[in-house]
Amino acid sequence: MPHAATVVNDAVQPRRAAMLAIGTANPPNSLSQEEYTNWYFRVTNSDHLTNLKDKMKKICKFLITKCSCVATELAVRDQPSLDARQDILATVVPELAAAAAARAIAEWGRPASDVTHLVFTTYSGVRMPGGDLRLASLLGLRRSVQRTSMYFHGCSAAAALRVAKDLAENNPGARVLVVSAELSLTLFRAPQDGHVDTVVGQALFGDGAGAVIVGAGGDERQVFEMVSAAQTVLPDSEGAAEGQLNASGLVFRPSFELPAMVRDNVEQCLAEGVGKHVAHGGWNDLFWAVHPGGRKILDVVEERLALAPGKLDASRRVLSEYGNMSGASIIFVLDELRRRGDMPPGGLGVMLGIGPGISIEMMLLRVAAA
Ligand SMILES: CC(C)(COP(=O)(O)OP(=O)(O)OC[C@H]1O[C@@H](n2cnc3c(N)ncnc32)[C@H](O)[C@@H]1OP(=O)(O)O)[C@@H](O)C(=O)NCCC(=O)NCCSC(=O)CC(=O)O
């Protein structure tokens with residue numbers, strides 16, 4: 001029963017930020033995972049690597065669809081250099097970001113020019129000026145919008161939401177647009193004999209963008225109150241989710257140990273990061289928005305916190321529908337949770353982000369009054 005949990009010292013925060021609207025977008029042409037696996041091995045001339053293809057099919061069987069944008073198809077056909085990919089990403093990433101942001105702004109109901117701050121996050125390409133500027137222009141944001149970009153933070157929308165909470169609570173009248181947009185084109189590479197990690201990455205990562213409007217005070221409808229936020233780094237975890245941009249794109253290698261590291265530390269992180277702000281009779285008193293980094297990540301969180309079956313359904317659905325869209329995923333999970341409509345106003349929950357570091361982002365949320 002979510003109602004059983006309450007916020008400690010609830011009245012202390014005079015102006016608390018809230019998520020006011022949420023929008024998401026994906027590239028139009030999604031494939032089933034089986035289609036994607038067949039396509040991936042065909043376009044990379046790798047059908048002869050039957051062992052790897054079988055492994056990818058096995059990994060994919062828990063996933064339903066995979067977005068494969070037109071850009072990836074074009075890029076692969078032309079065997080692009082990093083330069084060619086950067087050109088594609090420079091156009092497509094801000095457009096995908098703008099599609100998600102436009103939905104959030106439409107739901108919010110105020111003009112785009114009322115956005116005072118933009119926090120943009122991506123690992124899909126780097127450029128000067130950044131995708132945030134193009135995004136601001138596509139949306140018609142005011143020239144004086146205060147922009148902040150977070151590149152290569154991996155699953156960073158949770159961190160971007162923490163930054164937005166601070167901005168909203170410390171700048172009266174601020175309306176912060178948070179946008180995370182990811183295209184796995186940046187990670188795309190052909191399978192290599194003997195390297196299972198390559199197909200793990202190709203199977204797991206998907207394309208999507210998520211956007212949230214954050215503000216404090218005012219009379220707009222709220223979705224989730226952002227009660228408290230914290231970040232921590234897991235001990236001895238450096239290198240457990242490493243990525244580096246090189247001539248062949250972003251090479252990202254999640255380690256085998258990552259799920260076990262999360263399993264061994266998640267409860268203590270939550271006790272320290274969220275525990276002091278909430279009185280509850282057990283983790284099942286809360287709703288959960290966990291970064292769908294992979295099936296095993298969700299399994300270990302569920303197991304360690306002894307969560308009831310179904311508690312991570314929103315994360316599991318997003319993972320199976322869209323794959324791991326890195327930062328954007330957590331926004332899809334929040335959207336999925338509120339769309340289900342089964343959380344009573346006042347119910348408390350936790351947003352849990354897991355990214356390179358291993359960094360753990362935690363935010364205590366409260367379902368806003370209807
Ligand atoms: C990838 C999986 C969905 C596959 O699950 P399955 O149950 O289908 O199968 P499995 O675990 O037996 O793995 C299938 C095959 O892949 C191999 N395999 C699994 N994980 C691997 C890894 N990290 N590196 C290299 N190989 C790996 C296994 O050894 C096995 O090969 P063999 O058959 O030869 O033994 C799961 O293992 C998982 O969820 N792992 C965690 C993924 C992860 O780290 N995500 C976080 C990404 S970082 C992130 O999310 C943050 C961010 O984006 O910023």
# chains A, B, ... in the order shown; residues from 1 in each chain; ligands from 1
call {"tool": "closest_atom_pairs", "arguments": {"of": "chain A", "to": "ligand 1", "cutoff": "8 Å", "atoms": "only C-alpha atoms and all ligand atoms", "output": "JSON lines"}}
result
{"residue": "A:Lys55", "atom": "CA", "partner": "ligand 1", "partner_atom_place_in_ligand_line": "15 (C)", "distance": 6.0}
{"residue": "A:Met56", "atom": "CA", "partner": "ligand 1", "partner_atom_place_in_ligand_line": "14 (C)", "distance": 7.6}
{"residue": "A:Lys58", "atom": "CA", "partner": "ligand 1", "partner_atom_place_in_ligand_line": "8 (O)", "distance": 5.5}
{"residue": "A:Ile59", "atom": "CA", "partner": "ligand 1", "partner_atom_place_in_ligand_line": "8 (O)", "distance": 3.5}
{"residue": "A:Cys60", "atom": "CA", "partner": "ligand 1", "partner_atom_place_in_ligand_line": "8 (O)", "distance": 6.7}
{"residue": "A:Lys61", "atom": "CA", "partner": "ligand 1", "partner_atom_place_in_ligand_line": "8 (O)", "distance": 7.2}
{"residue": "A:Phe62", "atom": "CA", "partner": "ligand 1", "partner_atom_place_in_ligand_line": "8 (O)", "distance": 7.1}
{"residue": "A:His153", "atom": "CA", "partner": "ligand 1", "partner_atom_place_in_ligand_line": "54 (O)", "distance": 6.6}
{"residue": "A:Gly154", "atom": "CA", "partner": "ligand 1", "partner_atom_place_in_ligand_line": "54 (O)", "distance": 3.1}
{"residue": "A:Cys155", "atom": "CA", "partner": "ligand 1", "partner_atom_place_in_ligand_line": "54 (O)", "distance": 3.4}
{"residue": "A:Ser156", "atom": "CA", "partner": "ligand 1", "partner_atom_place_in_ligand_line": "54 (O)", "distance": 6.7}
{"residue": "A:His195", "atom": "CA", "partner": "ligand 1", "partner_atom_place_in_ligand_line": "25 (C)", "distance": 7.3}
{"residue": "A:Val196", "atom": "CA", "partner": "ligand 1", "partner_atom_place_in_ligand_line": "26 (N)", "distance": 4.8}
{"residue": "A:Asp197", "atom": "CA", "partner": "ligand 1", "partner_atom_place_in_ligand_line": "25 (C)", "distance": 3.6}
{"residue": "A:Thr198", "atom": "CA", "partner": "ligand 1", "partner_atom_place_in_ligand_line": "25 (C)", "distance": 7.4}
{"residue": "A:Val199", "atom": "CA", "partner": "ligand 1", "partner_atom_place_in_ligand_line": "16 (O)", "distance": 7.8}
{"residue": "A:Val200", "atom": "CA", "partner": "ligand 1", "partner_atom_place_in_ligand_line": "1 (C)", "distance": 5.4}
{"residue": "A:Gly201", "atom": "CA", "partner": "ligand 1", "partner_atom_place_in_ligand_line": "1 (C)", "distance": 7.7}
{"residue": "A:Ala203", "atom": "CA", "partner": "ligand 1", "partner_atom_place_in_ligand_line": "1 (C)", "distance": 7.8}
{"residue": "A:Leu204", "atom": "CA", "partner": "ligand 1", "partner_atom_place_in_ligand_line": "1 (C)", "distance": 6.7}
{"residue": "A:Phe205", "atom": "CA", "partner": "ligand 1", "partner_atom_place_in_ligand_line": "53 (O)", "distance": 7.8}
{"residue": "A:Ala241", "atom": "CA", "partner": "ligand 1", "partner_atom_place_in_ligand_line": "48 (S)", "distance": 5.7}
{"residue": "A:Arg253", "atom": "CA", "partner": "ligand 1", "partner_atom_place_in_ligand_line": "23 (N)", "distance": 6.7}
{"residue": "A:Pro254", "atom": "CA", "partner": "ligand 1", "partner_atom_place_in_ligand_line": "23 (N)", "distance": 4.6}
{"residue": "A:Ser255", "atom": "CA", "partner": "ligand 1", "partner_atom_place_in_ligand_line": "23 (N)", "distance": 4.2}
{"residue": "A:Phe256", "atom": "CA", "partner": "ligand 1", "partner_atom_place_in_ligand_line": "23 (N)", "distance": 4.1}
{"residue": "A:Glu257", "atom": "CA", "partner": "ligand 1", "partner_atom_place_in_ligand_line": "23 (N)", "distance": 7.4}
{"residue": "A:Leu258", "atom": "CA", "partner": "ligand 1", "partner_atom_place_in_ligand_line": "44 (O)", "distance": 5.4}
{"residue": "A:Pro259", "atom": "CA", "partner": "ligand 1", "partner_atom_place_in_ligand_line": "41 (C)", "distance": 5.8}
{"residue": "A:His291", "atom": "CA", "partner": "ligand 1", "partner_atom_place_in_ligand_line": "50 (O)", "distance": 7.1}
{"residue": "A:Pro292", "atom": "CA", "partner": "ligand 1", "partner_atom_place_in_ligand_line": "50 (O)", "distance": 6.8}
{"residue": "A:Gly293", "atom": "CA", "partner": "ligand 1", "partner_atom_place_in_ligand_line": "50 (O)", "distance": 3.6}
{"residue": "A:Gly294", "atom": "CA", "partner": "ligand 1", "partner_atom_place_in_ligand_line": "39 (O)", "distance": 3.3}
{"residue": "A:Arg295", "atom": "CA", "partner": "ligand 1", "partner_atom_place_in_ligand_line": "39 (O)", "distance": 4.0}
{"residue": "A:Lys296", "atom": "CA", "partner": "ligand 1", "partner_atom_place_in_ligand_line": "39 (O)", "distance": 3.7}
{"residue": "A:Ile297", "atom": "CA", "partner": "ligand 1", "partner_atom_place_in_ligand_line": "39 (O)", "distance": 5.4}
{"residue": "A:Leu298", "atom": "CA", "partner": "ligand 1", "partner_atom_place_in_ligand_line": "39 (O)", "distance": 7.6}
{"residue": "A:Asn324", "atom": "CA", "partner": "ligand 1", "partner_atom_place_in_ligand_line": "50 (O)", "distance": 6.3}
{"residue": "A:Met325", "atom": "CA", "partner": "ligand 1", "partner_atom_place_in_ligand_line": "53 (O)", "distance": 6.9}
{"residue": "A:Ser326", "atom": "CA", "partner": "ligand 1", "partner_atom_place_in_ligand_line": "53 (O)", "distance": 3.7}
{"residue": "A:Gly327", "atom": "CA", "partner": "ligand 1", "partner_atom_place_in_ligand_line": "54 (O)", "distance": 6.3}
{"residue": "A:Ile354", "atom": "CA", "partner": "ligand 1", "partner_atom_place_in_ligand_line": "51 (C)", "distance": 5.6}
{"residue": "A:Gly355", "atom": "CA", "partner": "ligand 1", "partner_atom_place_in_ligand_line": "51 (C)", "distance": 4.0}
{"residue": "A:Pro356", "atom": "CA", "partner": "ligand 1", "partner_atom_place_in_ligand_line": "54 (O)", "distance": 5.7}
call {"tool": "select_by_dssp", "arguments": {"residues": "stretch 110-358 of chain A", "states": "alpha helix (DSSP H)", "output": "count of residues only"}}
result
82
call {"tool": "residues_around", "arguments": {"residues": "stretch 121-129 of chain A", "least_positions_apart": "2", "cutoff": "9 Å", "atoms": "only C-alpha atoms", "output": "ChimeraX atom specification"}}
result
/A:85-87,89-90,93,119,131-134,148-157,160,178-187,249-250,326-328
call {"tool": "select_by_dssp", "arguments": {"residues": "stretch 166-343 of chain A", "states": "strand (DSSP E or B)", "output": "PyMOL selection string"}}
result
chain A and resi 175-182+205+208-216+224-233+241-246+249-254+278-279+287-290+324
call {"tool": "atom_distance", "arguments": {"atom1": "atom CA of A:Val367", "atom2": "atom CA of A:Asp335"}}
result
12.3 Å
call {"tool": "residues_around", "arguments": {"residues": "A:Asp114", "least_positions_apart": "6", "cutoff": "8 Å", "atoms": "only C-alpha atoms", "output": "CSV table (one decimal) with all heavy atoms, in the first residue's frame"}}
result
chain,number,residue,atom,x,y,z
A,141,LEU,N,12.4,28.2,-28.3
A,141,LEU,CA,12.7,28.7,-26.9
A,141,LEU,C,13.2,30.2,-27.0
A,141,LEU,O,13.8,30.6,-28.0
A,141,LEU,CB,13.6,27.8,-26.2
A,141,LEU,CG,13.3,26.3,-26.0
A,141,LEU,CD1,14.2,25.6,-25.1
A,141,LEU,CD2,11.8,26.2,-25.5
A,142,ARG,N,13.1,30.9,-25.9
A,142,ARG,CA,13.6,32.3,-25.9
A,142,ARG,C,15.1,32.3,-26.0
A,142,ARG,O,15.8,31.3,-25.6
A,142,ARG,CB,13.2,33.0,-24.6
A,142,ARG,CG,13.6,32.3,-23.3
A,142,ARG,CD,13.3,33.1,-22.1
A,142,ARG,NE,12.0,33.0,-21.6
A,142,ARG,CZ,11.6,33.3,-20.4
A,142,ARG,NH1,12.5,33.8,-19.5
A,142,ARG,NH2,10.4,33.2,-20.0
A,175,ARG,N,11.0,27.6,-15.1
A,175,ARG,CA,10.4,26.4,-15.7
A,175,ARG,C,11.5,25.7,-16.5
A,175,ARG,O,11.9,26.3,-17.5
A,175,ARG,CB,9.2,26.8,-16.6
A,175,ARG,CG,8.0,27.3,-15.8
A,175,ARG,CD,7.4,26.1,-14.9
A,175,ARG,NE,6.3,26.5,-14.0
A,175,ARG,CZ,6.5,26.9,-12.7
A,175,ARG,NH1,7.7,27.0,-12.2
A,175,ARG,NH2,5.4,27.2,-12.0
call {"tool": "closest_residue", "arguments": {"among": "A:Glu361, A:Asp54, A:Glu34, A:Asp47", "to": "A:Val274", "atoms": "only C-alpha atoms"}}
result
A:Glu361
